[in-house]
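Chemist: The structure's right below; bear with me while I get my questions together.
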Amino acid sequence: MELIEKQLNNGINLYIDTTDKFKTVTINLYIHNQLGKEATKYALLPAVLKRGTSSIKTYKEMVKFLENLYGTTMAVSVYKKGERHLQQYRLELPQEEYIKENILEEGVKFLKELVFNPLTEGNAFNKDYVLQEKEIHKNLIDSRINDKTKYAVDRCYEEMCKGEPFAIFELGKSEDLEVIDEKNLYHYYQNCINTLPIDIYVVGNVDPKYVEEVFRKYFAFQRGQILNIPSPNIYKEVKEVKYVTENLEVTQGKLTLGFRTNVPANSEEYFPLLVYSGVLGGGPFSKLFMNVREKASLAYYAYSRLERFKGLMVVSCGIEIENYNKALDIILKQLKEIEEGNISDYELDSTIKALKTSLNAMKDNATSKSDYYLSQKIAGADLNIEEFIKKVEKVTKEDVVEVAKKVKLDTVYFMTGKKEE
């Protein structure tokens, strides 16, 4: 079944995927923004909104309300894809046929209220809610350093993309929280919901006409001039490689290499690039796993990953601190091997098989499907999962070698232990 697209005439797009695979109906509402100096405010909003609406004033009441909707679940989150900052509001409702009651409309009405009719006092949010959520948000930002593996990758990207919006952390900066209050946050929120593009994905065994009717009923309000979110610049010539070392309280070193791929998200070259990253570090069959981890016993883990929307790739591994030079040499040797065409049939076939498995797994989760559709839209591509798989299957060794030549090392980031005093 193809994705059905409907426009709700005010910069809100509705996408419906009718499938009988699930016993629930999942609604994901995404608000798109550009990563920028207001990132902290933007990241804080979903947490404040989920505290209360104009008619359901506390989180406790909200939980009760959702329980009465036959155990409907709600989740909110914030993340980035390239230089696009996304808020996500998710509702998962039981399929109506199992409960013989029209709860979809109740769910849509609630979602509308959650995002567009928050609890306010005067021309501001509830002061206590904002104070509490700021405190939680500060802890989230400050605790990012606790996950050293992810932190090393984030830091590599930040050093690599200094001065570019992509370097901004998706939750923002804790020092920005000091100037945020219930008034300026509410003012910023009003601006966001009036001007930012919104996409809603509904996945489940639903009647598309009915879904459209319900959304038109609740989401047909007027909004302002909708912002156009530009695509990020992905082309960058690397004049010289940056080397960054950071001393932290760690016993295991984290070596992260950041690369510019110079491949746009909607390019045909993206498929060979995906296979390239897989052959390099996509699983137990990959060159990094076999050579850095197994044969040389230099790494506790080693993988590569693409950032499709900004045209970047990282290689990340955990090593003994004294093995820095050895590990770096072996990693760079694996890149050279691919560039020279030294890719075995086993490596290529295993990579394509692994990619197919993970793409097919998306079909088994409604939110993964929504995320896939959203990614396709942001990439400016229009392939369903089956078509995407076919493109991956067609990738040849020659295609991988060709795209390997475009990948350039930009930054080497190393997290090492504190220096002895």
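Each chain of the structure tokens is named A, B, ... in the order shown, its residues numbered from 1; ligands are numbered from 1 in display order.
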Any chance you could tabulate, as JSON lines, the residues of stretch 226-301 of chain A at most 7 Å from stretch 139-162 of chain A with each one's nearest atom pair and distance in Å to one decimal, using only C-alpha atoms, in chain and rising number order?
Modeler:
{"residue": "A:Lys254", "atom": "CA", "partner": "A:Ala152", "partner_atom": "CA", "distance": 6.5}
{"residue": "A:Thr256", "atom": "CA", "partner": "A:Val153", "partner_atom": "CA", "distance": 6.2}
{"residue": "A:Gly258", "atom": "CA", "partner": "A:Cys156", "partner_atom": "CA", "distance": 6.4}
Chemist: For stretch 240-262 of chain A versus stretch 315-328 of chain A, which residues have an atom no more than 12 Å away, and what is each residue's nearest atom pair and distance in Å rounded to one decimal, using only C-alpha atoms, chain-then-number order, as JSON lines?
Modeler:
{"residue": "A:Tyr243", "atom": "CA", "partner": "A:Leu328", "partner_atom": "CA", "distance": 11.8}
{"residue": "A:Thr245", "atom": "CA", "partner": "A:Tyr324", "partner_atom": "CA", "distance": 11.0}
{"residue": "A:Asn247", "atom": "CA", "partner": "A:Ile321", "partner_atom": "CA", "distance": 11.1}
{"residue": "A:Leu248", "atom": "CA", "partner": "A:Ile321", "partner_atom": "CA", "distance": 11.9}
{"residue": "A:Val250", "atom": "CA", "partner": "A:Ile321", "partner_atom": "CA", "distance": 9.4}
{"residue": "A:Thr251", "atom": "CA", "partner": "A:Ile321", "partner_atom": "CA", "distance": 7.6}
{"residue": "A:Gln252", "atom": "CA", "partner": "A:Glu320", "partner_atom": "CA", "distance": 5.4}
{"residue": "A:Gly253", "atom": "CA", "partner": "A:Ile321", "partner_atom": "CA", "distance": 4.8}
{"residue": "A:Lys254", "atom": "CA", "partner": "A:Gly318", "partner_atom": "CA", "distance": 4.7}
{"residue": "A:Leu255", "atom": "CA", "partner": "A:Cys317", "partner_atom": "CA", "distance": 5.4}
{"residue": "A:Thr256", "atom": "CA", "partner": "A:Ser316", "partner_atom": "CA", "distance": 4.4}
{"residue": "A:Leu257", "atom": "CA", "partner": "A:Val315", "partner_atom": "CA", "distance": 5.1}
{"residue": "A:Gly258", "atom": "CA", "partner": "A:Val315", "partner_atom": "CA", "distance": 6.7}
{"residue": "A:Phe259", "atom": "CA", "partner": "A:Val315", "partner_atom": "CA", "distance": 8.3}
{"residue": "A:Arg260", "atom": "CA", "partner": "A:Val315", "partner_atom": "CA", "distance": 11.7}
Chemist: With only C-alpha atoms as the counted atoms, please give the residues lying no more than 12 Å from A:Ile99, apart from itself and same-chain residues fewer than 2 positions off, as a PDB file with C-alpha atoms, in the first residue's frame.
Modeler:
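Contents of result-v4.pdb, freshly written:
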ATOM      1  CA  LYS A  23      -3.138  -4.133  16.549  1.00  0.00           C
ATOM      2  CA  THR A  24      -2.692  -0.426  17.224  1.00  0.00           C
ATOM      3  CA  LEU A  69      -8.696   5.574  26.293  1.00  0.00           C
ATOM      4  CA  TYR A  70      -8.004   1.819  26.595  1.00  0.00           C
ATOM      5  CA  GLY A  71      -4.372   2.276  27.575  1.00  0.00           C
ATOM      6  CA  LEU A  93      -4.109   3.812  20.303  1.00  0.00           C
ATOM      7  CA  PRO A  94      -5.714   0.368  20.274  1.00  0.00           C
ATOM      8  CA  GLN A  95      -7.266  -0.637  16.951  1.00  0.00           C
ATOM      9  CA  GLU A  96     -10.963   0.310  17.057  1.00  0.00           C
ATOM     10  CA  GLU A  97     -12.197  -3.072  15.821  1.00  0.00           C
ATOM     11  CA  GLU A 101     -15.574   2.135  20.169  1.00  0.00           C
ATOM     12  CA  ASN A 102     -14.620   5.257  18.259  1.00  0.00           C
ATOM     13  CA  ILE A 103     -11.455   6.287  20.091  1.00  0.00           C
ATOM     14  CA  LEU A 104      -9.459   7.553  17.109  1.00  0.00           C
TER      15      LEU A 104
END
Chemist: What parts of stretch 149-276 of chain A does DSSP call strand (DSSP E)? I'd like the answer as a VMD selection string.
Modeler: chain A and resid 198 to 204 242 to 248 252 to 260
Chemist: Which polymer residues have any atom within 10 Å of an atom of A:Tyr270, counting only C-alpha atoms, with same-chain residues fewer than 5 positions away left out, as a list in words?
Modeler: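 The residues that qualify are Thr261, Asn262, Val263, Pro264, Ala265, Val275, Tyr276, Arg308, Gly311, Lys391, Val392 and Val403 of chain A.
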Chemist: Generate a file of the selected residues that holds N, CA and C atoms, formatted as a PDB file, in the first residue's frame.
Modeler:
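What landed in again18.pdb:
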ATOM      1  N   THR A 261      31.543  13.009   3.308  1.00  0.00           N
ATOM      2  CA  THR A 261      31.291  12.076   2.194  1.00  0.00           C
ATOM      3  C   THR A 261      31.018  12.816   0.893  1.00  0.00           C
ATOM      4  N   ASN A 262      30.583  14.090   1.009  1.00  0.00           N
ATOM      5  CA  ASN A 262      30.219  14.877  -0.181  1.00  0.00           C
ATOM      6  C   ASN A 262      29.164  14.191  -1.051  1.00  0.00           C
ATOM      7  N   VAL A 263      28.314  13.414  -0.404  1.00  0.00           N
ATOM      8  CA  VAL A 263      27.226  12.733  -1.130  1.00  0.00           C
ATOM      9  C   VAL A 263      25.884  13.248  -0.590  1.00  0.00           C
ATOM     10  N   PRO A 264      25.081  13.919  -1.428  1.00  0.00           N
ATOM     11  CA  PRO A 264      23.783  14.422  -0.959  1.00  0.00           C
ATOM     12  C   PRO A 264      22.827  13.286  -0.598  1.00  0.00           C
ATOM     13  N   ALA A 265      21.890  13.597   0.298  1.00  0.00           N
ATOM     14  CA  ALA A 265      20.958  12.583   0.816  1.00  0.00           C
ATOM     15  C   ALA A 265      20.067  11.979  -0.266  1.00  0.00           C
ATOM     16  N   VAL A 275      26.421   1.023   1.463  1.00  0.00           N
ATOM     17  CA  VAL A 275      27.107  -0.276   1.419  1.00  0.00           C
ATOM     18  C   VAL A 275      28.577  -0.099   1.820  1.00  0.00           C
ATOM     19  N   TYR A 276      29.180   0.988   1.376  1.00  0.00           N
ATOM     20  CA  TYR A 276      30.571   1.293   1.742  1.00  0.00           C
ATOM     21  C   TYR A 276      30.723   1.343   3.267  1.00  0.00           C
ATOM     22  N   ARG A 308      23.304  10.803   7.149  1.00  0.00           N
ATOM     23  CA  ARG A 308      22.860  10.960   5.760  1.00  0.00           C
ATOM     24  C   ARG A 308      22.578  12.415   5.376  1.00  0.00           C
ATOM     25  N   GLY A 311      25.752  14.585   5.077  1.00  0.00           N
ATOM     26  CA  GLY A 311      26.837  14.046   4.263  1.00  0.00           C
ATOM     27  C   GLY A 311      28.084  13.714   5.059  1.00  0.00           C
ATOM     28  N   LYS A 391      17.320  -0.802  -4.582  1.00  0.00           N
ATOM     29  CA  LYS A 391      18.476   0.051  -4.915  1.00  0.00           C
ATOM     30  C   LYS A 391      19.733  -0.477  -4.212  1.00  0.00           C
ATOM     31  N   VAL A 392      19.565  -0.906  -2.960  1.00  0.00           N
ATOM     32  CA  VAL A 392      20.713  -1.427  -2.196  1.00  0.00           C
ATOM     33  C   VAL A 392      21.221  -2.721  -2.837  1.00  0.00           C
ATOM     34  N   VAL A 403      32.539   5.420  -4.926  1.00  0.00           N
ATOM     35  CA  VAL A 403      32.077   6.357  -3.893  1.00  0.00           C
ATOM     36  C   VAL A 403      33.138   6.514  -2.789  1.00  0.00           C
TER      37      VAL A 403
END
Chemist: From the set A:Pro197, A:Arg216, A:Glu92, A:Leu409, which residue has the shortest atom-to-atom contact distance to A:Phe22, counting only C-alpha atoms?
Modeler: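 Selected residue with least distance to A:Phe22: A:Glu92.
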Chemist: So that I can check the surroundings of A:Tyr303, please list as a list of chain:residue names every protein, DNA and RNA residue that reaches within 9 Å of it, counting only C-alpha atoms and ignoring chain neighbours fewer than 5 positions away.
Modeler: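 Close residues of A:Tyr303: A:Ser277, A:Gly278, A:Leu280, A:Gly281, A:Gly282, A:Gly283, A:Ser286, A:Leu288, A:Phe289, A:Val314, A:Val315, A:Ser316, A:Cys317.
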Chemist: Please list as a ChimeraX atom specification every residue within 12 Å of A:Ala361, counting only C-alpha atoms and excluding residues in the same chain fewer than 6 positions away.
Modeler: /A:354-355,367-369,372,385-386,389
Chemist: Can you write out the residues you just picked, keeping all heavy atoms, as a PDB file, in the first residue's frame?
Modeler:
ATOM      1  N   ALA A 354      22.649  -7.590   5.568  1.00  0.00           N
ATOM      2  CA  ALA A 354      22.396  -6.913   6.857  1.00  0.00           C
ATOM      3  C   ALA A 354      21.544  -5.657   6.654  1.00  0.00           C
ATOM      4  O   ALA A 354      20.637  -5.373   7.445  1.00  0.00           O
ATOM      5  CB  ALA A 354      23.717  -6.544   7.523  1.00  0.00           C
ATOM      6  N   LEU A 355      21.825  -4.907   5.585  1.00  0.00           N
ATOM      7  CA  LEU A 355      21.036  -3.702   5.292  1.00  0.00           C
ATOM      8  C   LEU A 355      19.584  -4.067   4.985  1.00  0.00           C
ATOM      9  O   LEU A 355      18.650  -3.412   5.453  1.00  0.00           O
ATOM     10  CB  LEU A 355      21.649  -2.930   4.113  1.00  0.00           C
ATOM     11  CG  LEU A 355      22.944  -2.174   4.418  1.00  0.00           C
ATOM     12  CD1 LEU A 355      23.609  -1.691   3.131  1.00  0.00           C
ATOM     13  CD2 LEU A 355      22.679  -0.972   5.336  1.00  0.00           C
ATOM     14  N   THR A 367       6.340   3.228  14.378  1.00  0.00           N
ATOM     15  CA  THR A 367       7.107   4.473  14.492  1.00  0.00           C
ATOM     16  C   THR A 367       8.365   4.428  13.620  1.00  0.00           C
ATOM     17  O   THR A 367       8.757   5.438  13.045  1.00  0.00           O
ATOM     18  CB  THR A 367       7.435   4.771  15.973  1.00  0.00           C
ATOM     19  OG1 THR A 367       6.196   5.046  16.642  1.00  0.00           O
ATOM     20  CG2 THR A 367       8.346   5.969  16.123  1.00  0.00           C
ATOM     21  N   SER A 368       8.964   3.241  13.479  1.00  0.00           N
ATOM     22  CA  SER A 368      10.118   3.117  12.557  1.00  0.00           C
ATOM     23  C   SER A 368       9.685   3.421  11.125  1.00  0.00           C
ATOM     24  O   SER A 368      10.425   4.038  10.361  1.00  0.00           O
ATOM     25  CB  SER A 368      10.703   1.703  12.607  1.00  0.00           C
ATOM     26  OG  SER A 368      11.240   1.448  13.871  1.00  0.00           O
ATOM     27  N   LYS A 369       8.484   2.963  10.771  1.00  0.00           N
ATOM     28  CA  LYS A 369       7.966   3.258   9.424  1.00  0.00           C
ATOM     29  C   LYS A 369       7.771   4.765   9.250  1.00  0.00           C
ATOM     30  O   LYS A 369       8.158   5.337   8.242  1.00  0.00           O
ATOM     31  CB  LYS A 369       6.620   2.555   9.205  1.00  0.00           C
ATOM     32  CG  LYS A 369       6.741   1.118   8.745  1.00  0.00           C
ATOM     33  CD  LYS A 369       5.378   0.529   8.450  1.00  0.00           C
ATOM     34  CE  LYS A 369       5.182   0.328   6.964  1.00  0.00           C
ATOM     35  NZ  LYS A 369       3.930  -0.366   6.639  1.00  0.00           N
ATOM     36  N   TYR A 372      11.014   6.360   8.798  1.00  0.00           N
ATOM     37  CA  TYR A 372      11.541   6.104   7.452  1.00  0.00           C
ATOM     38  C   TYR A 372      10.925   7.086   6.453  1.00  0.00           C
ATOM     39  O   TYR A 372      11.626   7.705   5.655  1.00  0.00           O
ATOM     40  CB  TYR A 372      11.250   4.656   7.029  1.00  0.00           C
ATOM     41  CG  TYR A 372      11.595   4.413   5.580  1.00  0.00           C
ATOM     42  CD1 TYR A 372      12.907   4.127   5.196  1.00  0.00           C
ATOM     43  CD2 TYR A 372      10.635   4.535   4.566  1.00  0.00           C
ATOM     44  CE1 TYR A 372      13.249   3.967   3.864  1.00  0.00           C
ATOM     45  CE2 TYR A 372      10.966   4.368   3.229  1.00  0.00           C
ATOM     46  CZ  TYR A 372      12.273   4.093   2.881  1.00  0.00           C
ATOM     47  OH  TYR A 372      12.612   3.951   1.557  1.00  0.00           O
ATOM     48  N   ILE A 385       9.950   1.370   1.190  1.00  0.00           N
ATOM     49  CA  ILE A 385      11.012   0.503   1.721  1.00  0.00           C
ATOM     50  C   ILE A 385      11.443  -0.537   0.685  1.00  0.00           C
ATOM     51  O   ILE A 385      12.635  -0.795   0.505  1.00  0.00           O
ATOM     52  CB  ILE A 385      10.571  -0.159   3.056  1.00  0.00           C
ATOM     53  CG1 ILE A 385      10.398   0.929   4.127  1.00  0.00           C
ATOM     54  CG2 ILE A 385      11.612  -1.177   3.530  1.00  0.00           C
ATOM     55  CD1 ILE A 385       9.847   0.458   5.469  1.00  0.00           C
ATOM     56  N   GLU A 386      10.484  -1.117  -0.037  1.00  0.00           N
ATOM     57  CA  GLU A 386      10.805  -2.126  -1.055  1.00  0.00           C
ATOM     58  C   GLU A 386      11.702  -1.554  -2.149  1.00  0.00           C
ATOM     59  O   GLU A 386      12.677  -2.187  -2.569  1.00  0.00           O
ATOM     60  CB  GLU A 386       9.510  -2.673  -1.705  1.00  0.00           C
ATOM     61  CG  GLU A 386       8.696  -3.588  -0.808  1.00  0.00           C
ATOM     62  CD  GLU A 386       9.520  -4.748  -0.251  1.00  0.00           C
ATOM     63  OE1 GLU A 386      10.408  -5.252  -0.959  1.00  0.00           O
ATOM     64  OE2 GLU A 386       9.297  -5.124   0.920  1.00  0.00           O
ATOM     65  N   ILE A 389      15.193  -1.037  -0.841  1.00  0.00           N
ATOM     66  CA  ILE A 389      15.927  -2.318  -0.781  1.00  0.00           C
ATOM     67  C   ILE A 389      16.458  -2.707  -2.160  1.00  0.00           C
ATOM     68  O   ILE A 389      17.608  -3.119  -2.307  1.00  0.00           O
ATOM     69  CB  ILE A 389      15.028  -3.434  -0.187  1.00  0.00           C
ATOM     70  CG1 ILE A 389      14.823  -3.198   1.317  1.00  0.00           C
ATOM     71  CG2 ILE A 389      15.629  -4.816  -0.425  1.00  0.00           C
ATOM     72  CD1 ILE A 389      13.803  -4.111   1.983  1.00  0.00           C
TER      73      ILE A 389
END
